[in-house]
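Let me begin by presenting the structure, written as structure tokens, before commenting on it.
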Amino acid sequence: MSKKKAAATPGPAINIGISDKDRSAIAQGLSRLLADTYTLYLTTHNFHWNVTGPMFNSLHAMFMAQYTELWNAVDPIAERIRSLGHAAPGSYAQFAKLSSLPDAPTEPPKALEMVRILMEGHEGAARTARSLFPLVDKASDEPSADLLTQRLTVHEQTAWMLRSLLED
């Protein structure tokens with residue numbers, strides 16, 4: 001993970017009751033969450049396209065619902081980073097440096113391996129979101145805390161549903 005500071009955007013000073021230092025640290029953390037979310041989105045979409053086997057119909061539909069939810073999540077995360085006065089990362093190179101998740105396999109795995117990879121991805125994104133709470137709590141950054149709570153709810157529930165498919 002990159003320890004590089006999130007770039008502040010030029011313009012008038014920001015006075016929202018959160019120090020520059022805390023806004024920068026929160027933006028850095030949210031940038032990692034954005035990278036995890038986008039990486040998981042891309043992997044999920046890849047698996048939607050490439051799933052095969054007896055569970056095709058159910059997994060194809062499930063993966064579509066999951067990648068749609070992830071796609072809808074990236075904008076609020078990026079916009080929160082912008083609200084804090086920092087540029088949101090938006091390139092594959094930036095996401096690769098910031099994400100805690102591995103890229104999708106180059107060869108599509110078997111269906112249940114896809115499920116395992118996505119389960120681990122949602123667990124990883126949950127860990128990234130959870131790791132930001134001490135900072136946002138210290139800064140009294142309720143909008144970021146609310147966003148993190150929403151993301152945790154989705155990632156933990158999705159991981160549970162995927163994990164259930166892997167049980168005997």
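Within each chain, counting starts at residue 1; across the structure tokens, chains are named A, B, ... in the order shown, with ligands numbered 1 upward in that order.
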Excluding range 99-106 of chain A and residues on its chain fewer than 2 positions from it, collect all residues at most 6 Å away from it, counting only C-alpha atoms, and give them as a compact mmCIF listing (two decimals) with all heavy atoms, in the first residue's frame.
# COMPACT_ATOMS: atom_id res chain seq x y z
N ARG A 32 -7.86 4.19 -0.43
CA ARG A 32 -7.62 2.74 -0.37
C ARG A 32 -8.95 1.98 -0.50
O ARG A 32 -9.02 0.97 -1.20
CB ARG A 32 -6.89 2.36 0.92
CG ARG A 32 -5.45 2.86 0.95
CD ARG A 32 -4.64 2.26 2.10
NE ARG A 32 -5.27 2.37 3.40
CZ ARG A 32 -5.17 3.42 4.21
NH1 ARG A 32 -4.46 4.46 3.86
NH2 ARG A 32 -5.79 3.40 5.39
N ALA A 35 -10.03 2.11 -4.08
CA ALA A 35 -9.24 1.16 -4.87
C ALA A 35 -9.72 -0.28 -4.65
O ALA A 35 -9.85 -1.05 -5.60
CB ALA A 35 -7.76 1.30 -4.55
N ASP A 36 -9.98 -0.63 -3.40
CA ASP A 36 -10.51 -1.97 -3.11
C ASP A 36 -11.85 -2.17 -3.80
O ASP A 36 -12.12 -3.23 -4.38
CB ASP A 36 -10.68 -2.19 -1.61
CG ASP A 36 -9.40 -2.53 -0.88
OD1 ASP A 36 -8.33 -2.64 -1.51
OD2 ASP A 36 -9.47 -2.70 0.36
N THR A 43 -13.21 -7.37 -10.77
CA THR A 43 -13.13 -8.83 -10.62
C THR A 43 -14.53 -9.46 -10.71
O THR A 43 -14.71 -10.47 -11.39
CB THR A 43 -12.46 -9.20 -9.28
OG1 THR A 43 -11.14 -8.65 -9.26
CG2 THR A 43 -12.39 -10.70 -9.09
N PHE A 95 -5.00 2.52 -8.56
CA PHE A 95 -5.76 1.50 -7.85
C PHE A 95 -4.88 0.30 -7.51
O PHE A 95 -5.01 -0.26 -6.41
CB PHE A 95 -6.98 1.06 -8.67
CG PHE A 95 -8.07 2.11 -8.76
CD1 PHE A 95 -8.93 2.11 -9.83
CD2 PHE A 95 -8.24 3.09 -7.79
CE1 PHE A 95 -9.96 3.06 -9.93
CE2 PHE A 95 -9.24 4.04 -7.87
CZ PHE A 95 -10.11 4.02 -8.95
N ALA A 96 -4.00 -0.09 -8.42
CA ALA A 96 -3.12 -1.23 -8.15
C ALA A 96 -2.21 -0.95 -6.96
O ALA A 96 -1.94 -1.85 -6.15
CB ALA A 96 -2.30 -1.56 -9.39
N LYS A 97 -1.73 0.28 -6.84
CA LYS A 97 -0.86 0.65 -5.72
C LYS A 97 -1.62 0.75 -4.40
O LYS A 97 -1.09 0.43 -3.35
CB LYS A 97 -0.16 1.98 -5.99
CG LYS A 97 0.92 1.91 -7.03
CD LYS A 97 1.54 3.27 -7.27
CE LYS A 97 2.53 3.20 -8.41
NZ LYS A 97 3.02 4.54 -8.79
Find the spatial neighbours of range 124-134 of chain A, counting only C-alpha atoms, within a cut-off of 8 Å - ignore same-chain residues fewer than 3 positions away - and output them as a PDB file with N, CA and C atoms, in the first residue's frame.
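Result file around_38.pdb:
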ATOM      1  N   ILE A  26      -7.810  10.901   6.242  1.00  0.00           N
ATOM      2  CA  ILE A  26      -9.082  10.256   5.910  1.00  0.00           C
ATOM      3  C   ILE A  26      -9.181  10.058   4.401  1.00  0.00           C
ATOM      4  N   GLY A  29      -7.167   7.097   3.395  1.00  0.00           N
ATOM      5  CA  GLY A  29      -7.857   5.853   3.728  1.00  0.00           C
ATOM      6  C   GLY A  29      -9.018   5.574   2.793  1.00  0.00           C
ATOM      7  N   LEU A  30      -9.785   6.611   2.489  1.00  0.00           N
ATOM      8  CA  LEU A  30     -10.902   6.431   1.560  1.00  0.00           C
ATOM      9  C   LEU A  30     -10.403   6.104   0.158  1.00  0.00           C
ATOM     10  N   ARG A  32      -7.865   4.188  -0.430  1.00  0.00           N
ATOM     11  CA  ARG A  32      -7.623   2.742  -0.373  1.00  0.00           C
ATOM     12  C   ARG A  32      -8.946   1.980  -0.499  1.00  0.00           C
ATOM     13  N   LEU A  33      -9.995   2.491   0.158  1.00  0.00           N
ATOM     14  CA  LEU A  33     -11.305   1.844   0.046  1.00  0.00           C
ATOM     15  C   LEU A  33     -11.844   1.953  -1.378  1.00  0.00           C
ATOM     16  N   ASP A  36      -9.982  -0.626  -3.401  1.00  0.00           N
ATOM     17  CA  ASP A  36     -10.507  -1.974  -3.114  1.00  0.00           C
ATOM     18  C   ASP A  36     -11.855  -2.174  -3.800  1.00  0.00           C
ATOM     19  N   THR A  37     -12.712  -1.174  -3.718  1.00  0.00           N
ATOM     20  CA  THR A  37     -14.055  -1.273  -4.289  1.00  0.00           C
ATOM     21  C   THR A  37     -13.985  -1.418  -5.804  1.00  0.00           C
ATOM     22  N   SER A 100      -5.763  -3.270  -1.415  1.00  0.00           N
ATOM     23  CA  SER A 100      -5.273  -4.406  -0.634  1.00  0.00           C
ATOM     24  C   SER A 100      -5.649  -5.731  -1.300  1.00  0.00           C
ATOM     25  N   LEU A 101      -6.423  -5.646  -2.378  1.00  0.00           N
ATOM     26  CA  LEU A 101      -6.929  -6.851  -3.047  1.00  0.00           C
ATOM     27  C   LEU A 101      -6.092  -7.186  -4.271  1.00  0.00           C
ATOM     28  N   GLU A 120     -13.361 -13.439  -0.289  1.00  0.00           N
ATOM     29  CA  GLU A 120     -12.153 -12.869   0.300  1.00  0.00           C
ATOM     30  C   GLU A 120     -12.011 -11.388  -0.055  1.00  0.00           C
ATOM     31  N   GLY A 121     -12.446 -11.001  -1.249  1.00  0.00           N
ATOM     32  CA  GLY A 121     -12.410  -9.597  -1.640  1.00  0.00           C
ATOM     33  C   GLY A 121     -13.327  -8.744  -0.793  1.00  0.00           C
ATOM     34  N   ASP A 137     -13.556   8.701  13.686  1.00  0.00           N
ATOM     35  CA  ASP A 137     -14.140   8.979  15.001  1.00  0.00           C
ATOM     36  C   ASP A 137     -13.377  10.108  15.702  1.00  0.00           C
ATOM     37  N   LYS A 138     -12.049  10.040  15.677  1.00  0.00           N
ATOM     38  CA  LYS A 138     -11.215  11.070  16.308  1.00  0.00           C
ATOM     39  C   LYS A 138     -11.484  12.443  15.698  1.00  0.00           C
ATOM     40  N   ALA A 145     -17.916   8.357   8.500  1.00  0.00           N
ATOM     41  CA  ALA A 145     -18.316   7.218   9.335  1.00  0.00           C
ATOM     42  C   ALA A 145     -19.582   6.575   8.780  1.00  0.00           C
ATOM     43  N   LEU A 148     -18.687   4.616   5.694  1.00  0.00           N
ATOM     44  CA  LEU A 148     -17.992   3.382   6.071  1.00  0.00           C
ATOM     45  C   LEU A 148     -18.961   2.348   6.631  1.00  0.00           C
ATOM     46  N   ARG A 151     -20.785   0.789   3.759  1.00  0.00           N
ATOM     47  CA  ARG A 151     -19.934  -0.138   3.011  1.00  0.00           C
ATOM     48  C   ARG A 151     -19.697  -1.422   3.806  1.00  0.00           C
ATOM     49  N   LEU A 152     -19.475  -1.298   5.094  1.00  0.00           N
ATOM     50  CA  LEU A 152     -19.278  -2.492   5.920  1.00  0.00           C
ATOM     51  C   LEU A 152     -20.488  -3.400   5.879  1.00  0.00           C
ATOM     52  N   HIS A 155     -20.417  -5.200   2.465  1.00  0.00           N
ATOM     53  CA  HIS A 155     -19.316  -6.161   2.304  1.00  0.00           C
ATOM     54  C   HIS A 155     -19.461  -7.356   3.235  1.00  0.00           C
ATOM     55  N   GLU A 156     -19.870  -7.122   4.470  1.00  0.00           N
ATOM     56  CA  GLU A 156     -20.019  -8.246   5.394  1.00  0.00           C
ATOM     57  C   GLU A 156     -21.178  -9.156   4.988  1.00  0.00           C
TER      58      GLU A 156
END
*So which residues touch Ala25 in chain A within 12 Å, counting only C-alpha atoms, skipping near sequence neighbours fewer than 2 positions away, as a PyMOL selection string?*
chain A and resi 3-8+18-23+27-32+81+84-86+131-136+138-139+141+144
_Can you pull out every residue from range 1-167 of chain A that DSSP, working from the backbone, puts in helix (DSSP H, G or I), and format the result as a ChimeraX atom specification?_
/A:20-50,56-83,92-98,111-131,133-138,142-166
Please list as a PDB file with N, CA and C atoms, in the first residue's frame every residue within 9 Å of range 50-53 of chain A, counting only C-alpha atoms and excluding residues in the same chain fewer than 5 positions away.
ATOM      1  N   HIS A  45     -17.210  -8.250 -12.180  1.00  0.00           N
ATOM      2  CA  HIS A  45     -17.719  -8.143 -13.548  1.00  0.00           C
ATOM      3  C   HIS A  45     -17.046  -9.196 -14.441  1.00  0.00           C
ATOM      4  N   LEU A  59     -25.171 -17.860 -10.444  1.00  0.00           N
ATOM      5  CA  LEU A  59     -23.969 -17.046 -10.208  1.00  0.00           C
ATOM      6  C   LEU A  59     -23.901 -15.867 -11.168  1.00  0.00           C
ATOM      7  N   HIS A  60     -24.271 -16.066 -12.411  1.00  0.00           N
ATOM      8  CA  HIS A  60     -24.268 -14.974 -13.396  1.00  0.00           C
ATOM      9  C   HIS A  60     -25.156 -13.831 -12.887  1.00  0.00           C
ATOM     10  N   PRO A 108      -9.880 -17.393 -16.177  1.00  0.00           N
ATOM     11  CA  PRO A 108     -11.053 -17.545 -15.305  1.00  0.00           C
ATOM     12  C   PRO A 108     -10.993 -18.842 -14.507  1.00  0.00           C
ATOM     13  N   PRO A 109     -11.141 -18.748 -13.181  1.00  0.00           N
ATOM     14  CA  PRO A 109     -11.160 -19.967 -12.370  1.00  0.00           C
ATOM     15  C   PRO A 109     -12.520 -20.660 -12.454  1.00  0.00           C
ATOM     16  N   LYS A 110     -12.604 -21.818 -11.846  1.00  0.00           N
ATOM     17  CA  LYS A 110     -13.873 -22.541 -11.744  1.00  0.00           C
ATOM     18  C   LYS A 110     -14.849 -21.715 -10.900  1.00  0.00           C
ATOM     19  N   ALA A 111     -16.126 -21.998 -11.041  1.00  0.00           N
ATOM     20  CA  ALA A 111     -17.179 -21.196 -10.409  1.00  0.00           C
ATOM     21  C   ALA A 111     -16.992 -21.045  -8.898  1.00  0.00           C
ATOM     22  N   MET A 114     -14.256 -18.757  -8.024  1.00  0.00           N
ATOM     23  CA  MET A 114     -14.699 -17.364  -8.185  1.00  0.00           C
ATOM     24  C   MET A 114     -15.408 -16.902  -6.921  1.00  0.00           C
TER      25      MET A 114
END
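Counting only C-alpha atoms, the residue from A:Leu165, A:Ile14, A:Ala159, A:Ile77 that sits nearest to Ser58 in chain A is A:Leu165.
Counting from CA of Asp75 in chain A, the distance to CA of Phe47 in chain A is 22.0 Å.
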*Mind giving me the straight-line distance from CA of Leu42 in chain A to CA of Asn57 in chain A in Å, one decimal?*
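If I compute the distance from CA of Leu42 in chain A to CA of Asn57 in chain A, I get 19.6 Å.
Checking A:Ala78, A:Leu112, A:Ile117, A:Val154 one by one against Asp168 in chain A, counting only C-alpha atoms, you find the shortest gap at A:Leu112.
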*Would you mind telling me which residue in A:Arg80, A:Leu118, A:His48, A:Glu167 lies nearest to Pro143 in chain A when using only C-alpha atoms?*
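With only C-alpha atoms as the atom set, the closest residue is A:Arg80.
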*Restricting the calculation to only C-alpha atoms, which member of A:Ser140, A:Ser164, A:Gln94, A:Thr149 is positioned closest to Thr39 in chain A?*
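Among the listed residues, A:Gln94 lies closest to Thr39 in chain A.
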*One-decimal distance in Å that lies between CA of Val115 in chain A and CA of Pro54 in chain A*: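 Here the two named atoms are 13.8 Å from each other.
For the choices A:Pro12, A:Met161, A:Leu34, A:Gln150, the atom-to-atom distance to Ala88 in chain A is smallest for A:Leu34 when using only C-alpha atoms.
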